[in-house]
file work_17.txt (compact mmCIF, C-alpha atoms)
# COMPACT_ATOMS: atom_id res chain seq x y z
CA MET A 1 30.31 23.73 102.91
CA CYS A 2 27.97 23.57 105.85
CA ALA A 3 29.99 22.50 108.86
CA THR A 4 27.02 20.87 110.52
CA CYS A 5 25.69 18.56 107.86
CA GLY A 6 28.29 18.81 105.12
CA CYS A 7 25.81 20.05 102.58
CA SER A 8 26.37 22.91 100.19
CA GLY A 9 23.03 24.60 100.40
CA GLY A 10 24.22 28.11 99.64
CA ILE A 11 27.09 30.44 99.00
CA ILE A 12 29.37 30.55 101.98
CA LEU A 13 32.42 32.69 102.40
CA GLU A 14 35.50 31.47 104.15
CA GLY A 15 35.37 32.29 107.81
CA GLN A 16 31.63 32.70 107.76
CA ASP A 17 29.20 30.03 108.76
CA HIS A 18 25.59 30.13 107.72
CA GLU A 19 22.93 29.74 110.35
CA HIS A 20 21.40 26.37 110.56
CA GLY A 21 17.76 26.13 109.98
CA HIS A 22 18.33 27.14 106.36
CA GLU A 23 16.23 25.56 103.68
CA HIS A 24 18.14 22.84 101.91
CA GLY A 25 17.67 22.64 98.19
CA HIS A 26 17.82 18.87 98.49
CA GLU A 27 16.54 16.03 100.60
CA HIS A 28 18.58 14.80 103.53
CA GLY A 29 20.01 11.39 102.99
CA HIS A 30 22.55 12.94 100.63
CA PRO A 31 23.47 11.04 97.49
CA GLU A 32 27.10 10.07 97.44
CA THR A 33 29.51 12.64 96.12
CA ARG A 34 33.22 12.97 95.75
CA THR A 35 35.29 16.12 95.88
CA VAL A 36 37.91 16.66 93.20
CA THR A 37 40.65 19.21 93.73
CA LEU A 38 41.28 21.11 90.51
CA GLU A 39 43.46 24.09 91.50
CA GLN A 40 43.06 25.29 87.93
CA ALA A 41 43.19 28.83 86.62
CA VAL A 42 39.72 29.92 85.54
CA LEU A 43 41.16 31.36 82.35
CA ALA A 44 43.44 28.39 81.63
CA ARG A 45 41.79 27.71 78.30
CA ASN A 46 42.12 31.30 77.11
CA ASP A 47 45.69 31.41 78.38
CA GLY A 48 46.51 28.21 76.49
CA LEU A 49 45.11 29.62 73.27
CA ALA A 50 47.02 32.85 73.90
CA GLU A 51 50.25 30.86 74.10
CA LEU A 52 49.42 29.26 70.75
CA ASN A 53 48.90 32.73 69.29
CA ARG A 54 52.18 33.91 70.82
CA LYS A 55 54.09 31.01 69.27
CA TRP A 56 52.34 31.47 65.91
CA LEU A 57 53.38 35.13 65.91
CA ALA A 58 56.92 34.44 67.09
CA ASP A 59 57.45 31.76 64.44
CA ARG A 60 56.67 34.37 61.79
CA GLY A 61 58.63 37.19 63.35
CA ILE A 62 55.44 39.21 63.82
CA LEU A 63 55.15 41.87 66.54
CA ALA A 64 51.60 42.03 67.94
CA VAL A 65 50.59 44.91 70.18
CA ASN A 66 47.28 45.06 72.05
CA LEU A 67 45.91 48.61 72.27
CA MET A 68 43.37 49.19 75.02
CA SER A 69 41.48 52.31 76.07
CA SER A 70 38.05 53.65 76.85
CA PRO A 71 35.90 54.53 73.83
CA GLY A 72 36.99 57.78 72.21
CA ALA A 73 40.57 57.92 73.54
CA GLY A 74 41.89 58.05 70.00
CA LYS A 75 43.00 54.50 69.24
CA THR A 76 41.85 54.51 65.65
CA THR A 77 43.25 57.97 64.98
CA LEU A 78 46.59 56.85 66.40
CA LEU A 79 46.54 53.77 64.18
CA GLU A 80 45.69 55.80 61.08
CA ARG A 81 48.59 58.17 61.66
CA THR A 82 50.99 55.37 62.55
CA ILE A 83 50.19 53.49 59.35
CA ARG A 84 50.45 56.59 57.18
CA GLU A 85 53.80 57.61 58.67
CA LEU A 86 55.41 54.20 59.21
CA GLY A 87 53.75 52.31 56.36
CA ALA A 88 56.78 52.63 54.11
CA GLU A 89 59.06 51.32 56.82
CA LEU A 90 56.92 48.67 58.53
CA ARG A 91 54.27 46.40 57.15
CA VAL A 92 51.37 47.04 59.50
CA SER A 93 48.04 45.25 59.58
CA VAL A 94 45.23 45.73 62.06
CA VAL A 95 42.75 43.62 64.00
CA GLU A 96 39.79 45.79 64.99
CA GLY A 97 37.59 44.80 67.90
CA ASP A 98 34.23 46.50 68.33
CA GLN A 99 30.86 45.42 69.57
CA GLU A 100 29.21 46.44 66.31
CA THR A 101 29.92 47.91 62.85
CA VAL A 102 32.90 47.71 60.50
CA LEU A 103 33.47 51.49 60.65
CA ASP A 104 36.92 51.31 62.25
CA ALA A 105 38.18 48.63 59.88
CA ASP A 106 36.99 50.79 56.98
CA ARG A 107 38.97 53.73 58.39
CA ILE A 108 42.08 51.58 58.61
CA ARG A 109 41.66 50.13 55.12
CA ALA A 110 41.40 53.69 53.78
CA THR A 111 45.04 54.12 54.84
CA GLY A 112 45.98 51.18 52.62
CA ALA A 113 46.68 48.73 55.46
CA PRO A 114 44.94 45.35 55.64
CA ALA A 115 42.40 45.16 58.46
CA VAL A 116 39.94 42.65 59.81
CA GLN A 117 36.97 43.59 61.96
CA ILE A 118 35.88 41.37 64.83
CA ASN A 119 32.43 42.17 66.15
CA THR A 120 31.97 40.87 69.66
CA GLY A 121 28.23 41.57 69.88
CA SER A 122 27.53 42.27 73.53
CA GLY A 123 31.02 41.01 74.42
CA CYS A 124 33.15 43.61 76.12
CA HIS A 125 36.65 42.42 75.18
CA LEU A 126 38.66 40.42 72.68
CA ASP A 127 39.90 37.01 73.78
CA ALA A 128 42.59 34.69 72.48
CA GLN A 129 40.22 32.69 70.32
CA MET A 130 38.90 35.80 68.63
CA LEU A 131 42.43 36.98 67.90
CA ALA A 132 43.30 33.57 66.43
CA GLY A 133 40.37 33.93 64.04
CA GLY A 134 41.39 37.47 63.18
CA LEU A 135 44.98 36.44 62.47
CA LYS A 136 43.92 33.62 60.20
CA THR A 137 41.73 35.93 58.15
CA LEU A 138 44.28 38.73 58.14
CA ASP A 139 47.15 36.40 57.21
CA PRO A 140 49.83 38.97 58.06
CA PRO A 141 53.18 38.63 56.27
CA ASP A 142 56.26 37.40 58.13
CA ASN A 143 58.32 40.06 59.88
CA SER A 144 55.44 42.52 60.08
CA VAL A 145 53.48 44.34 62.78
CA VAL A 146 49.92 43.54 63.87
CA LEU A 147 48.19 46.23 65.88
CA ILE A 148 45.16 44.98 67.78
CA GLU A 149 42.55 47.56 68.66
CA ASN A 150 40.67 46.03 71.56
CA VAL A 151 37.05 46.85 72.38
CA GLY A 152 36.86 50.30 73.97
CA ASN A 153 36.69 49.45 77.66
CA LEU A 154 39.06 50.04 80.57
CA VAL A 155 37.88 47.07 82.63
CA CYS A 156 37.45 43.75 80.87
CA PRO A 157 40.29 43.53 78.31
CA ALA A 158 42.90 43.64 81.09
CA LEU A 159 42.02 40.09 82.14
CA PHE A 160 42.32 38.35 78.79
CA ASP A 161 45.72 37.45 77.41
CA LEU A 162 45.58 37.45 73.62
CA GLY A 163 49.11 36.21 72.97
CA GLU A 164 50.34 39.71 72.19
CA GLN A 165 53.92 40.76 72.93
CA ALA A 166 52.96 44.04 74.55
CA ARG A 167 49.97 45.86 75.96
CA VAL A 168 49.48 49.56 75.47
CA VAL A 169 46.89 51.57 77.40
CA ILE A 170 45.80 54.84 75.83
CA THR A 171 44.14 57.63 77.78
CA SER A 172 43.25 61.07 76.48
CA VAL A 173 43.44 64.32 78.41
CA THR A 174 39.73 64.89 77.86
CA GLU A 175 38.91 61.87 80.02
CA GLY A 176 40.25 63.18 83.31
CA ALA A 177 43.44 62.53 85.22
CA GLU A 178 41.85 60.07 87.64
CA LYS A 179 41.60 57.21 85.14
CA PRO A 180 44.54 55.20 86.59
CA ARG A 181 43.00 55.44 90.06
CA LYS A 182 39.62 54.33 88.80
CA TYR A 183 40.95 51.50 86.64
CA PRO A 184 44.16 50.29 88.31
CA GLN A 185 43.85 46.75 86.90
CA MET A 186 44.11 48.08 83.38
CA PHE A 187 47.10 50.30 84.16
CA ARG A 188 48.77 47.48 86.05
CA ALA A 189 48.48 45.31 82.93
CA ALA A 190 50.15 47.91 80.69
CA ASP A 191 53.65 47.69 79.23
CA LEU A 192 53.26 51.26 77.98
CA VAL A 193 50.84 54.10 78.70
CA LEU A 194 50.10 56.70 76.03
CA LEU A 195 48.58 60.01 77.10
CA ASN A 196 46.85 61.22 73.94
CA LYS A 197 45.29 64.52 72.78
CA THR A 198 47.92 66.61 74.55
CA ASP A 199 47.17 69.38 72.02
CA LEU A 200 43.99 69.95 74.05
CA LEU A 201 45.77 70.44 77.40
CA PRO A 202 45.38 74.23 77.30
CA TYR A 203 41.61 73.84 77.06
CA VAL A 204 40.88 71.17 79.64
CA ASP A 205 41.38 70.83 83.38
CA PHE A 206 43.78 67.89 83.32
CA ASP A 207 46.49 67.47 85.96
CA VAL A 208 49.31 65.63 84.17
CA ASP A 209 51.28 65.08 87.40
CA ALA A 210 48.26 63.52 89.11
CA PHE A 211 47.79 61.25 86.10
CA LEU A 212 51.44 60.17 86.18
CA ASP A 213 51.27 59.58 89.93
CA GLY A 214 48.17 57.41 89.54
CA ALA A 215 49.70 55.41 86.69
CA ARG A 216 52.85 54.72 88.69
CA ARG A 217 50.97 53.76 91.83
CA ALA A 218 49.15 51.11 89.80
CA ASN A 219 52.24 50.12 87.82
CA PRO A 220 55.55 51.35 89.21
CA GLY A 221 58.10 52.04 86.53
CA VAL A 222 55.62 51.95 83.64
CA GLU A 223 56.71 54.11 80.73
CA VAL A 224 54.30 56.96 79.90
CA LEU A 225 54.53 58.81 76.60
CA GLN A 226 52.64 62.03 75.95
CA LEU A 227 51.52 62.72 72.41
CA SER A 228 48.84 64.00 70.10
CA ALA A 229 47.78 61.61 67.36
CA THR A 230 46.03 64.55 65.68
CA THR A 231 48.90 67.04 65.49
CA GLY A 232 51.76 64.54 65.67
CA ASP A 233 53.39 66.19 68.70
CA GLY A 234 55.41 63.60 70.62
CA ILE A 235 54.46 60.79 68.28
CA ASP A 236 58.07 59.96 67.41
CA SER A 237 58.47 58.56 70.92
CA TRP A 238 55.69 56.06 70.16
CA TYR A 239 57.32 55.12 66.88
CA GLY A 240 60.63 54.66 68.69
CA TRP A 241 58.98 52.40 71.26
CA LEU A 242 57.43 50.33 68.47
CA ARG A 243 60.68 50.02 66.51
CA ALA A 244 62.55 48.90 69.63
CA ARG A 245 60.19 45.93 69.97
CA LEU A 246 60.51 44.59 66.45
CA PRO A 247 61.79 41.02 66.43
CA MET B 1 23.58 24.91 75.65
CA ASP B 2 26.41 23.07 74.03
CA ILE B 3 29.55 23.46 76.05
CA ARG B 4 31.46 20.42 74.95
CA PRO B 5 35.19 21.03 74.92
CA GLU B 6 36.53 22.34 71.68
CA PRO B 7 39.79 21.18 70.17
CA HIS B 8 42.74 23.21 71.33
CA THR B 9 44.43 23.48 67.98
CA LEU B 10 44.63 26.85 66.37
CA ASP B 11 42.92 25.92 63.11
CA ASP B 12 39.94 24.45 64.88
CA THR B 13 39.31 27.57 66.86
CA LEU B 14 39.64 30.19 64.21
CA ASP B 15 36.57 31.33 62.37
CA PRO B 16 33.60 31.45 64.70
CA TYR B 17 34.05 34.94 66.06
CA LEU B 18 34.44 36.79 62.81
CA ASN B 19 31.37 38.98 62.57
CA SER B 20 29.35 36.33 64.31
CA ASP B 21 29.21 34.64 67.66
CA THR B 22 29.66 31.01 68.46
CA VAL B 23 26.66 29.03 69.56
CA LEU B 24 28.09 29.23 73.04
CA HIS B 25 28.39 32.96 73.00
CA LYS B 26 25.03 33.55 71.42
CA SER B 27 23.10 31.52 73.92
CA ILE B 28 24.70 33.29 76.86
CA LEU B 29 24.39 36.70 75.38
CA SER B 30 20.78 36.24 74.38
CA ARG B 31 20.05 35.43 78.01
CA LEU B 32 22.01 38.43 79.10
CA ASP B 33 19.98 40.58 76.74
CA LYS B 34 16.79 39.17 78.15
CA ILE B 35 17.69 40.03 81.69
CA SER B 36 19.33 43.34 80.94
CA ALA B 37 15.98 45.10 80.96
CA GLY B 38 15.39 43.71 84.40
CA GLY B 39 18.16 45.51 86.22
CA CYS B 40 21.41 44.27 84.76
CA ALA B 41 22.47 47.85 84.08
CA GLY B 42 24.00 48.05 87.51
CA TYR B 43 26.52 45.45 86.47
CA ARG B 44 27.64 47.32 83.42
CA SER B 45 30.83 49.29 83.38
CA GLU B 46 31.04 53.03 83.12
CA GLU B 47 31.82 52.70 79.45
CA GLY B 48 28.61 50.79 78.85
CA ALA B 49 30.20 47.47 78.02
CA SER B 50 28.72 44.30 79.40
CA LEU B 51 30.27 42.50 82.30
CA HIS B 52 33.37 40.38 81.90
CA GLU B 53 32.22 38.23 84.79
CA MET B 54 29.88 36.57 82.30
CA ALA B 55 32.89 35.41 80.28
CA ILE B 56 34.71 34.44 83.48
CA THR B 57 31.76 32.37 84.66
CA GLN B 58 31.49 30.76 81.26
CA SER B 59 35.17 29.83 81.51
CA VAL B 60 34.48 28.16 84.86
CA ILE B 61 31.69 26.06 83.36
CA GLN B 62 33.82 25.09 80.39
CA ALA B 63 36.81 24.13 82.53
CA VAL B 64 34.68 22.03 84.89
CA CYS B 65 33.00 20.24 81.99
CA ASP B 66 36.38 19.63 80.34
CA ARG B 67 37.71 18.04 83.50
CA MET B 68 34.66 16.25 84.90
CA GLY B 69 32.92 15.04 81.76
CA ASP B 70 29.26 14.13 82.21
CA ALA B 71 29.31 13.86 86.01
CA PRO B 72 26.57 15.99 87.56
CA VAL B 73 28.14 18.66 89.74
CA GLN B 74 26.86 19.43 93.21
CA ARG B 75 29.25 22.18 94.24
CA VAL B 76 31.92 24.40 92.76
CA CYS B 77 34.47 26.21 94.89
CA LEU B 78 36.28 29.19 93.37
CA GLU B 79 39.03 31.46 94.62
CA ILE B 80 38.56 35.03 93.50
CA GLY B 81 41.08 37.37 95.07
CA THR B 82 39.99 40.84 96.06
CA LEU B 83 42.57 42.32 93.65
CA SER B 84 41.73 40.03 90.73
CA GLY B 85 39.54 42.52 88.92
CA VAL B 86 36.63 40.10 89.07
CA VAL B 87 33.60 40.93 91.20
CA ALA B 88 32.50 37.84 93.12
CA ASP B 89 28.90 39.03 93.40
CA SER B 90 28.75 39.39 89.62
CA VAL B 91 29.99 35.83 89.19
CA ARG B 92 27.26 34.67 91.57
CA PHE B 93 24.77 36.66 89.54
CA CYS B 94 25.92 34.96 86.33
CA PHE B 95 26.34 31.45 87.69
CA ASP B 96 22.73 30.25 87.65
CA LEU B 97 22.23 31.84 84.28
CA VAL B 98 25.22 30.22 82.65
CA THR B 99 24.89 26.79 84.24
CA ALA B 100 21.32 26.25 83.03
CA GLY B 101 21.17 23.17 80.84
CA THR B 102 24.65 21.98 81.81
CA THR B 103 25.93 19.36 84.24
CA LEU B 104 26.37 22.24 86.70
CA GLU B 105 22.72 23.22 86.72
CA GLY B 106 21.57 23.47 90.32
CA ALA B 107 25.10 23.26 91.70
CA SER B 108 26.00 25.47 94.61
CA LEU B 109 28.76 28.01 94.29
CA GLU B 110 31.28 28.81 97.00
CA ILE B 111 33.61 31.71 96.52
CA ILE B 112 36.65 32.20 98.70
CA GLN B 113 38.07 35.71 98.48
CA PRO B 114 41.71 35.94 99.54
CA THR B 115 42.64 39.45 100.60
CA GLY B 116 45.51 41.32 99.03
CA ARG B 117 49.02 41.03 100.47
CA ALA B 118 52.18 42.57 99.15
CA ARG B 119 55.89 42.78 99.92
CA CYS B 120 57.71 46.05 99.41
CA ARG B 121 60.69 45.62 97.09
CA ASP B 122 62.39 48.64 98.64
CA CYS B 123 62.09 48.10 102.40
CA GLY B 124 60.97 44.48 102.55
CA ALA B 125 57.85 45.12 104.63
CA GLU B 126 54.82 42.92 104.10
CA PHE B 127 51.41 44.54 104.24
CA GLU B 128 47.76 44.06 103.39
CA LEU B 129 46.19 46.06 100.62
CA ASN B 130 42.58 46.42 99.58
CA ASP B 131 43.31 48.08 96.28
CA LEU B 132 46.17 48.33 93.84
CA LEU B 133 46.92 51.97 94.65
CA VAL B 134 48.02 51.47 98.25
CA LEU B 135 51.65 52.35 98.86
CA CYS B 136 53.99 50.78 101.38
CA GLU B 137 54.39 52.76 104.60
CA CYS B 138 57.85 53.73 103.36
CA GLY B 139 56.15 55.50 100.44
CA SER B 140 57.17 53.04 97.76
CA ALA B 141 54.79 51.84 95.06
CA ASN B 142 57.28 49.16 94.11
CA ARG B 143 55.65 46.12 95.63
CA GLU B 144 55.27 42.49 94.75
CA LEU B 145 51.78 41.09 95.16
CA LEU B 146 51.79 37.92 97.25
CA ALA B 147 48.05 37.31 97.34
CA GLY B 148 44.78 38.77 96.15
CA GLU B 149 45.01 38.12 92.41
CA GLU B 150 43.75 34.53 92.56
CA LEU B 151 41.26 33.52 89.91
CA LYS B 152 41.00 29.77 90.02
CA ILE B 153 38.77 26.77 90.46
CA ARG B 154 39.82 25.21 93.76
CA GLU B 155 37.62 22.11 93.74
CA VAL B 156 34.39 20.62 92.55
CA GLU B 157 32.09 18.09 94.16
CA VAL B 158 30.38 15.67 91.80
CA PHE B 159 27.75 13.00 92.29
CA VAL B 160 29.04 9.46 91.92
call {"tool": "encode", "arguments": {"input": "work_17.txt", "output": "structure tokens"}}
result
Amino acid sequence: MCATCGCSGGIILEGQDHEHGHEHGHEHGHPETRTVTLEQAVLARNDGLAELNRKWLADRGILAVNLMSSPGAGKTTLLERTIRELGAELRVSVVEGDQETVLDADRIRATGAPAVQINTGSGCHLDAQMLAGGLKTLDPPDNSVVLIENVGNLVCPALFDLGEQARVVITSVTEGAEKPRKYPQMFRAADLVLLNKTDLLPYVDFDVDAFLDGARRANPGVEVLQLSATTGDGIDSWYGWLRARLP
Amino acid sequence: MDIRPEPHTLDDTLDPYLNSDTVLHKSILSRLDKISAGGCAGYRSEEGASLHEMAITQSVIQAVCDRMGDAPVQRVCLEIGTLSGVVADSVRFCFDLVTAGTTLEGASLEIIQPTGRARCRDCGAEFELNDLLVLCECGSANRELLAGEELKIREVEVFV
């Protein structure tokens, strides 16, 4: 607020005063206003819906895991293999988030698992309301697992609680070891980090130690599992992590 | 643009996003599409997705309308911490766009940006940090963030 006249003629940062002589967007002789303190989280509505989702899932004994990565890190391939190999043991269904197409949901359905596709249009992330819609359509059975494949994006999904029990960030060795340093918010939000496509390590210039260092700077103590969803190397550690979180 | 509060029950909020957008979403996104040719690309992430600040700004409008009803809004004051993952300039960019046709149209936007502060869980030192990768001087990454992650609506000023 302008300290001289009390108007709010522009965007002012704390500790900075704008120069007077600015053009007011309004006439002087201000109409009466009142200031209301809100102190409210910007995402309070999403967070409230996320809590409803969390309770809905908990009441049914359903484990929901939010998988986040950049496009092409191997989320869908990981899901396909997980469903094929754990399908007899766990009832898995999938919520697929993409900007366009039902291609990923079709890939999941080909494994025999139920899947629902949410197309976000230009939207860059899933939010709690979208997941609620996906869950209603999917109607997962009690005591099952719902894997949520978020929109491929290492920025936006980190901010939006869906009501999931755990967040998994997937990076592949073809993306470069600097990903945690470039996207620390995402790695900070992770309960688990999967380093995928390790079968390609001999062919790419990827410094695993630098990757681990970056991940732990952003999120000290975060568990990192190395695997290849294509060959199956190391994938038992992921299955073990999943089993340990079943209600 | 219709931004009336929606019921907060699960059943009432379920279907709109399945392979379609809500009215709310569509109107914002169509505007975003219109302006994208005019230089919005700089606000897009490396992966090509559109900016989450649009959704954040929309959440601000919705929360203010939920709380203040039909009162015309003169000013909105936000706190966006420097470690929040939300770019204040992008919110400013979105604000006029998203408020058009609402009780916030023409309102001014103030953004306070608290800087990051952390306490080391190993040595107890408190220090400032400008990004989430900064370690404590003792070398530890094990720190508790005290400030910098704020993302809230501090206050609004409405006409009476």
call {"tool": "residues_around", "arguments": {"input": "work_17.txt", "residues": "Asp96 of chain B", "least_positions_apart": "6", "cutoff": "10 Å", "atoms": "all atoms listed in the file", "output": "list in words"}}
result
Thr57, Leu104, Glu105, Gly106, Ala107, Ser108 and Leu109 of chain B
call {"tool": "residues_around", "arguments": {"input": "work_17.txt", "residues": "Leu194 of chain A", "least_positions_apart": "4", "cutoff": "12 Å", "atoms": "only C-alpha atoms", "output": "mmCIF file with C-alpha atoms, keeping the file's coordinate frame"}}
result
data_model
loop_
_atom_site.group_PDB
_atom_site.id
_atom_site.type_symbol
_atom_site.label_atom_id
_atom_site.label_comp_id
_atom_site.auth_asym_id
_atom_site.auth_seq_id
_atom_site.Cartn_x
_atom_site.Cartn_y
_atom_site.Cartn_z
ATOM 1 C CA LEU A 67 45.910 48.610 72.270
ATOM 2 C CA MET A 68 43.370 49.190 75.020
ATOM 3 C CA SER A 69 41.480 52.310 76.070
ATOM 4 C CA ALA A 73 40.570 57.920 73.540
ATOM 5 C CA GLY A 74 41.890 58.050 70.000
ATOM 6 C CA LYS A 75 43.000 54.500 69.240
ATOM 7 C CA LEU A 78 46.590 56.850 66.400
ATOM 8 C CA ARG A 167 49.970 45.860 75.960
ATOM 9 C CA VAL A 168 49.480 49.560 75.470
ATOM 10 C CA VAL A 169 46.890 51.570 77.400
ATOM 11 C CA ILE A 170 45.800 54.840 75.830
ATOM 12 C CA THR A 171 44.140 57.630 77.780
ATOM 13 C CA SER A 172 43.250 61.070 76.480
ATOM 14 C CA VAL A 173 43.440 64.320 78.410
ATOM 15 C CA PHE A 187 47.100 50.300 84.160
ATOM 16 C CA ALA A 190 50.150 47.910 80.690
ATOM 17 C CA THR A 198 47.920 66.610 74.550
ATOM 18 C CA PHE A 211 47.790 61.250 86.100
ATOM 19 C CA LEU A 212 51.440 60.170 86.180
ATOM 20 C CA ALA A 215 49.700 55.410 86.690
ATOM 21 C CA VAL A 222 55.620 51.950 83.640
ATOM 22 C CA GLU A 223 56.710 54.110 80.730
ATOM 23 C CA VAL A 224 54.300 56.960 79.900
ATOM 24 C CA LEU A 225 54.530 58.810 76.600
ATOM 25 C CA GLN A 226 52.640 62.030 75.950
ATOM 26 C CA LEU A 227 51.520 62.720 72.410
ATOM 27 C CA SER A 228 48.840 64.000 70.100
ATOM 28 C CA ALA A 229 47.780 61.610 67.360
ATOM 29 C CA GLY A 234 55.410 63.600 70.620
ATOM 30 C CA ILE A 235 54.460 60.790 68.280
ATOM 31 C CA SER A 237 58.470 58.560 70.920
ATOM 32 C CA TRP A 238 55.690 56.060 70.160
ATOM 33 C CA TYR A 239 57.320 55.120 66.880
ATOM 34 C CA TRP A 241 58.980 52.400 71.260
#
call {"tool": "interface_residues", "arguments": {"input": "work_17.txt", "of": "chain A", "to": "chain B", "cutoff": "8 Å", "atoms": "only C-alpha atoms", "output": "MDAnalysis selection string"}}
result
chainID A and resid 1 8:14 31:45 49 52:53 70:71 117:125 129:130 132:134 136 152:156 159 181 184:185 214 216:220
call {"tool": "residues_around", "arguments": {"input": "work_17.txt", "residues": "Leu242 of chain A", "least_positions_apart": "2", "cutoff": "10 Å", "atoms": "all atoms listed in the file", "output": "number ranges by chain"}}
result
A: 63, 65, 145, 166, 236-240, 244-246
call {"tool": "closest_residue", "arguments": {"input": "work_17.txt", "among": "A:Thr76, A:Gln165, A:Asn143, A:Asn150", "to": "Asp127 of chain A", "atoms": "only C-alpha atoms"}}
result
A:Asn150
call {"tool": "atom_distance", "arguments": {"input": "work_17.txt", "atom1": "atom CA of Pro140 of chain A", "atom2": "atom CA of Glu89 of chain A"}}
result
15.5 Å
